[in-house]
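**Q** Take this structure, written in C-alpha cells, and hold onto it; I'll ask about it next.
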Amino acid sequence: MISFAKTDEGHSIRTARTLLRPWRPSDLEPFARMNADPEVMEHFEAPVTRAQSDASAARFSDHITAHGYGFWAVEIPGVAEFVGFVGLLPVEFVADFTPAVEIGWRLGRPYWRHGYASEAARGAARFGFDVLGLREIVAYTVPANVRSRAVMTRIGMVHDPAGDFEHPKVTLGHRLRPHVLYRLTASGLTP
Ligand SMILES: CC(C)(COP(=O)(O)OP(=O)(O)OC[C@H]1O[C@@H](n2cnc3c(N)ncnc32)[C@H](O)[C@@H]1OP(=O)(O)O)[C@@H](O)C(=O)NCCC(=O)NCCS
C-alpha cells in the first residue's frame with residue numbers, strides 16, 4: 001500500500017508503516033542527534049556539527065519546497081514523529097552515470113532493523129517512477145556499508161560493477177573514496 005499526497009509544502013508518501021513528509025522545525029533536534037551518532041556516521045568522512053546538520057536539513061527541505069520531492073523527513077505514525085530521512089535527489093556531481101537521480105536513506109539507530117528504511121525507500125522509488133517519470137534511479141555507497149547495500153538489494157536494485165567510481169567529493173586517497181553503484185528500473189522494484 002503506497003499513496004501520494006500533495007500540499008503547499010510538497011508531496012508526501014504513505015506506506016503501510018511510514019510517512020515521508022516535508023521537514024518541520026521540530027525535526028532538527030532529533031536529526032542533529034542522529035548525525036552525532038558515530039555508528040550512524042561510520043561510513044561518512046567527518047562528524048557532523050549541529051550547524052552542518054541544520055544546513056543539510058535546510059537544503060533537503062528547500063529542494064522539496066522548490067521541486068515537490070527530495071530527501072523527505074520520515075515519520076512512523078504512532079511510533080515516532082521523526083526517525084530520519086529517505087528520498088530522491090539529483091546527483092550533484094559529475095560521474096559516468098550522471099545526470100541521474102539518487103535514492104538515499106539515513107535513520108536513527110533505534111529505528112534500524114524494523115524494515116522501515118526499505119519500506120520507505122520502496123515508496124520513494126515508486127514516486128520517482130510513477131510521479132516524476134524517471135526511467136532509472138541510482139544509489140551508491142562505500143563497499144563496506146553492508147546495511148545500506150542490503151536495502152538496495154532488498155528493493156530490487158542491482159549492483160553495476162562497471163559503474164563503481166571514486167567519489168569526487170571525498171578526499172583523494174581517503175579510504176571512503178571508492179564507491180559501489182547500484183541501479184533500479186521500475187520493473188525491478190520489489191513489491
Ligand atoms: C542504511 C540503514 C538505513 C539501513 O537500516 P536497516 O535497519 O538495516 O534497514 P531496514 O530498515 O530495511 O531494516 C531491515 C532489517 O529489519 C528487519 N525487520 C524487522 N522487522 C521487519 C519488518 N516488519 N519488515 C521488514 N523487515 C523487518 C529485517 O529482517 C532486516 O534485518 P537484518 O538487518 O537482520 O537483515 C541504516 O543502517 C542507516 O541509517 N545507516 C547509517 C546511514 C547510512 O549509511 N546511509 C546510507 C548511506 S549510502
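Chain lettering (A, B, ...) mirrors the order of the C-alpha cells, residue numbering begins at 1 for each chain separately, and ligand numbering begins at 1 in order of display.
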For stretch 144-157 of chain A, list every protein, DNA or RNA residue within 8 Å, evaluated using only C-alpha atoms, and leave out those in the same chain fewer than 6 positions away; present the list as a VMD selection string.
**A** chain A and resid 43 117 to 118 121 to 122 182 to 185 188 to 191
**Q** Which residues, written as a list in words, have at least one atom at most 7 Å from stretch 82-96 of chain A, with only C-alpha atoms counted and residues fewer than 6 positions away on the same chain left out?
**A**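 Residues meeting the cut-off are Asp27, Phe31, Tyr69, Gly70, Phe71, Trp72, Ala73, Val74, Glu75, Glu102, Ile103, Gly104, Trp105, Arg106, Leu107, Gly108, Tyr111, Ala120, Ala121 and Ala124 of chain A.
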**Q** Given the choices A:Gly78, A:Pro99, A:Pro110, A:Pro22, which gets closest to ligand 1 if the distance is worked out from only C-alpha atoms and all ligand atoms?
**A** A:Pro110
**Q** What residues in stretch 57-140 of chain A get the DSSP label helix (DSSP H, G or I)? Please answer as a short mmCIF file (atom, residue, chain, number, x, y, z; two decimals) with all heavy atoms, in the first residue's frame.
**A**
data_model
loop_
_atom_site.label_atom_id
_atom_site.label_comp_id
_atom_site.auth_asym_id
_atom_site.auth_seq_id
_atom_site.Cartn_x
_atom_site.Cartn_y
_atom_site.Cartn_z
N ALA A 57 19.49 19.76 6.63
CA ALA A 57 18.03 19.71 6.69
C ALA A 57 17.42 20.85 5.86
O ALA A 57 16.44 20.64 5.14
CB ALA A 57 17.56 19.80 8.15
N ALA A 58 18.02 22.02 5.94
CA ALA A 58 17.51 23.17 5.19
C ALA A 58 17.63 22.91 3.68
O ALA A 58 16.72 23.23 2.91
CB ALA A 58 18.28 24.43 5.58
N ARG A 59 18.76 22.31 3.28
CA ARG A 59 18.97 22.01 1.86
C ARG A 59 17.93 20.98 1.39
O ARG A 59 17.32 21.13 0.32
CB ARG A 59 20.39 21.48 1.68
CG ARG A 59 20.88 21.44 0.26
CD ARG A 59 22.40 21.25 0.22
NE ARG A 59 22.84 20.05 0.90
CZ ARG A 59 22.88 18.83 0.34
NH1 ARG A 59 22.50 18.66 -0.90
NH2 ARG A 59 23.32 17.79 1.03
N PHE A 60 17.71 19.95 2.19
CA PHE A 60 16.73 18.92 1.81
C PHE A 60 15.33 19.54 1.74
O PHE A 60 14.55 19.27 0.82
CB PHE A 60 16.73 17.76 2.81
CG PHE A 60 18.05 17.02 2.94
CD1 PHE A 60 18.34 16.27 4.07
CD2 PHE A 60 18.99 17.06 1.92
CE1 PHE A 60 19.53 15.57 4.19
CE2 PHE A 60 20.20 16.36 2.03
CZ PHE A 60 20.46 15.62 3.18
N SER A 61 15.01 20.35 2.75
CA SER A 61 13.69 20.96 2.83
C SER A 61 13.47 21.92 1.64
O SER A 61 12.40 21.91 1.02
CB SER A 61 13.58 21.70 4.16
OG SER A 61 12.34 22.31 4.27
N ASP A 62 14.50 22.73 1.34
CA ASP A 62 14.38 23.68 0.23
C ASP A 62 14.13 22.96 -1.10
O ASP A 62 13.38 23.44 -1.95
CB ASP A 62 15.66 24.53 0.10
CG ASP A 62 15.78 25.55 1.23
OD1 ASP A 62 14.79 25.72 1.98
OD2 ASP A 62 16.87 26.14 1.37
N HIS A 63 14.78 21.81 -1.27
CA HIS A 63 14.59 21.06 -2.52
C HIS A 63 13.15 20.58 -2.64
O HIS A 63 12.55 20.63 -3.72
CB HIS A 63 15.57 19.89 -2.61
CG HIS A 63 15.66 19.33 -4.01
ND1 HIS A 63 14.74 18.42 -4.50
CD2 HIS A 63 16.52 19.58 -5.02
CE1 HIS A 63 15.06 18.13 -5.76
NE2 HIS A 63 16.13 18.82 -6.09
N ILE A 64 12.57 20.14 -1.51
CA ILE A 64 11.17 19.69 -1.54
C ILE A 64 10.25 20.87 -1.85
O ILE A 64 9.33 20.76 -2.67
CB ILE A 64 10.80 19.03 -0.19
CG1 ILE A 64 11.61 17.74 -0.01
CG2 ILE A 64 9.30 18.73 -0.13
CD1 ILE A 64 11.49 17.12 1.38
N THR A 65 10.53 22.03 -1.23
CA THR A 65 9.69 23.21 -1.50
C THR A 65 9.77 23.60 -2.97
O THR A 65 8.76 23.93 -3.61
CB THR A 65 10.18 24.40 -0.64
OG1 THR A 65 10.21 23.98 0.73
CG2 THR A 65 9.26 25.60 -0.77
N ALA A 66 10.97 23.55 -3.54
CA ALA A 66 11.17 24.01 -4.92
C ALA A 66 10.67 22.99 -5.94
O ALA A 66 10.16 23.36 -7.00
CB ALA A 66 12.65 24.32 -5.16
N HIS A 67 10.87 21.70 -5.66
CA HIS A 67 10.61 20.68 -6.69
C HIS A 67 9.53 19.67 -6.30
O HIS A 67 9.22 18.78 -7.09
CB HIS A 67 11.91 19.94 -7.01
CG HIS A 67 13.02 20.85 -7.45
ND1 HIS A 67 13.07 21.40 -8.72
CD2 HIS A 67 14.08 21.36 -6.79
CE1 HIS A 67 14.14 22.19 -8.82
NE2 HIS A 67 14.77 22.19 -7.66
N ARG A 109 19.54 5.14 15.03
CA ARG A 109 19.78 3.73 15.35
C ARG A 109 18.61 2.99 15.99
O ARG A 109 18.40 1.80 15.72
CB ARG A 109 21.03 3.60 16.22
CG ARG A 109 21.99 2.67 15.54
CD ARG A 109 23.26 2.40 16.28
NE ARG A 109 23.77 3.52 17.01
CZ ARG A 109 24.40 3.37 18.17
NH1 ARG A 109 24.54 2.17 18.70
NH2 ARG A 109 24.91 4.43 18.79
N PRO A 110 17.80 3.65 16.84
CA PRO A 110 16.66 2.92 17.42
C PRO A 110 15.69 2.40 16.36
O PRO A 110 14.87 1.53 16.65
CB PRO A 110 15.97 3.96 18.31
CG PRO A 110 17.00 4.99 18.58
CD PRO A 110 17.91 5.01 17.38
N TYR A 111 15.79 2.94 15.14
CA TYR A 111 14.82 2.59 14.10
C TYR A 111 15.41 1.68 13.03
O TYR A 111 14.81 1.45 11.99
CB TYR A 111 14.21 3.87 13.51
CG TYR A 111 13.72 4.76 14.61
CD1 TYR A 111 14.42 5.91 14.99
CD2 TYR A 111 12.60 4.38 15.36
CE1 TYR A 111 14.00 6.67 16.06
CE2 TYR A 111 12.17 5.15 16.44
CZ TYR A 111 12.87 6.29 16.78
OH TYR A 111 12.46 7.04 17.86
N TYR A 116 12.01 -0.41 8.20
CA TYR A 116 11.47 0.93 7.86
C TYR A 116 12.19 1.55 6.65
O TYR A 116 11.55 2.17 5.79
CB TYR A 116 11.61 1.89 9.04
CG TYR A 116 10.77 1.58 10.26
CD1 TYR A 116 11.26 1.87 11.54
CD2 TYR A 116 9.49 1.05 10.15
CE1 TYR A 116 10.50 1.61 12.67
CE2 TYR A 116 8.73 0.79 11.28
CZ TYR A 116 9.24 1.07 12.54
OH TYR A 116 8.48 0.82 13.66
N ALA A 117 13.52 1.40 6.59
CA ALA A 117 14.27 2.05 5.50
C ALA A 117 13.85 1.47 4.16
O ALA A 117 13.58 2.21 3.20
CB ALA A 117 15.78 1.89 5.72
N SER A 118 13.77 0.14 4.09
CA SER A 118 13.40 -0.49 2.82
C SER A 118 11.96 -0.16 2.43
O SER A 118 11.67 0.09 1.26
CB SER A 118 13.59 -2.01 2.91
OG SER A 118 14.94 -2.32 3.17
N GLU A 119 11.09 -0.15 3.41
CA GLU A 119 9.68 0.16 3.12
C GLU A 119 9.53 1.61 2.62
O GLU A 119 8.85 1.86 1.61
CB GLU A 119 8.84 -0.05 4.39
CG GLU A 119 7.37 0.18 4.15
CD GLU A 119 6.53 -0.12 5.40
OE1 GLU A 119 6.81 -1.10 6.12
OE2 GLU A 119 5.60 0.67 5.65
N ALA A 120 10.19 2.54 3.30
CA ALA A 120 10.11 3.94 2.88
C ALA A 120 10.78 4.12 1.52
O ALA A 120 10.30 4.89 0.67
CB ALA A 120 10.78 4.83 3.93
N ALA A 121 11.89 3.40 1.29
CA ALA A 121 12.61 3.52 0.01
C ALA A 121 11.75 3.02 -1.14
O ALA A 121 11.76 3.60 -2.24
CB ALA A 121 13.93 2.76 0.08
N ARG A 122 11.00 1.95 -0.90
CA ARG A 122 10.09 1.48 -1.96
C ARG A 122 9.07 2.55 -2.30
O ARG A 122 8.74 2.77 -3.47
CB ARG A 122 9.36 0.20 -1.51
CG ARG A 122 10.22 -1.03 -1.61
CD ARG A 122 9.35 -2.29 -1.47
NE ARG A 122 10.22 -3.45 -1.31
CZ ARG A 122 10.58 -3.96 -0.13
NH1 ARG A 122 10.13 -3.44 0.99
NH2 ARG A 122 11.38 -5.00 -0.08
N GLY A 123 8.56 3.24 -1.27
CA GLY A 123 7.60 4.32 -1.51
C GLY A 123 8.22 5.45 -2.32
O GLY A 123 7.61 5.96 -3.26
N ALA A 124 9.45 5.82 -1.96
CA ALA A 124 10.13 6.91 -2.67
C ALA A 124 10.42 6.51 -4.12
O ALA A 124 10.25 7.32 -5.05
CB ALA A 124 11.43 7.27 -1.95
N ALA A 125 10.87 5.29 -4.32
CA ALA A 125 11.18 4.83 -5.69
C ALA A 125 9.90 4.79 -6.54
O ALA A 125 9.89 5.23 -7.69
CB ALA A 125 11.84 3.46 -5.64
N ARG A 126 8.82 4.29 -5.94
CA ARG A 126 7.53 4.25 -6.66
C ARG A 126 7.14 5.66 -7.10
O ARG A 126 6.71 5.90 -8.22
CB ARG A 126 6.49 3.66 -5.70
CG ARG A 126 5.15 3.35 -6.24
CD ARG A 126 5.10 1.98 -6.93
NE ARG A 126 5.43 2.11 -8.34
CZ ARG A 126 5.98 1.16 -9.09
NH1 ARG A 126 6.28 0.00 -8.59
NH2 ARG A 126 6.22 1.36 -10.37
N PHE A 127 7.35 6.64 -6.19
CA PHE A 127 7.07 8.04 -6.50
C PHE A 127 7.96 8.50 -7.67
O PHE A 127 7.50 9.17 -8.60
CB PHE A 127 7.33 8.91 -5.27
CG PHE A 127 7.04 10.36 -5.48
CD1 PHE A 127 5.79 10.88 -5.17
CD2 PHE A 127 8.01 11.22 -5.98
CE1 PHE A 127 5.51 12.23 -5.37
CE2 PHE A 127 7.73 12.56 -6.19
CZ PHE A 127 6.49 13.07 -5.88
N GLY A 128 9.21 8.11 -7.63
CA GLY A 128 10.15 8.50 -8.69
C GLY A 128 9.71 8.00 -10.06
O GLY A 128 9.76 8.73 -11.06
N PHE A 129 9.26 6.76 -10.09
CA PHE A 129 8.84 6.20 -11.38
C PHE A 129 7.46 6.70 -11.80
O PHE A 129 7.26 7.11 -12.94
CB PHE A 129 8.85 4.66 -11.30
CG PHE A 129 10.24 4.08 -11.12
CD1 PHE A 129 10.50 3.22 -10.06
CD2 PHE A 129 11.26 4.40 -11.99
CE1 PHE A 129 11.77 2.69 -9.88
CE2 PHE A 129 12.54 3.89 -11.81
CZ PHE A 129 12.80 3.03 -10.76
N ASP A 130 6.49 6.70 -10.85
CA ASP A 130 5.10 6.98 -11.22
C ASP A 130 4.80 8.47 -11.34
O ASP A 130 4.02 8.88 -12.19
CB ASP A 130 4.13 6.38 -10.19
CG ASP A 130 4.15 4.86 -10.20
OD1 ASP A 130 4.89 4.30 -11.02
OD2 ASP A 130 3.44 4.26 -9.39
#
**Q** Select, from A:Ser56, A:Thr18, A:Thr98, A:Thr49, the residue with the minimum atom-to-atom distance to ligand 1, counting only C-alpha atoms and all ligand atoms.
**A**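 Closest to ligand 1, using only C-alpha atoms and all ligand atoms: A:Thr18.
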**Q** Please measure the separation of atom CA of A:Pro178 and atom CA of A:Ala162, giving the value in Å to one decimal.
**A**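 Those two atoms sit 12.8 Å apart.
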**Q** Separation of atom 41 (C, counted along the ligand's line) of ligand 1 and atom CA of A:His179, in Å?
**A** 15.3 Å
**Q** Would you mind telling me which residue in A:Leu132, A:Leu172, A:Met41, A:Ala51 lies nearest to ligand 1 when using only C-alpha atoms and all ligand atoms?
**A**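 When distances to ligand 1 are compared using only C-alpha atoms and all ligand atoms, the smallest one comes from A:Met41.
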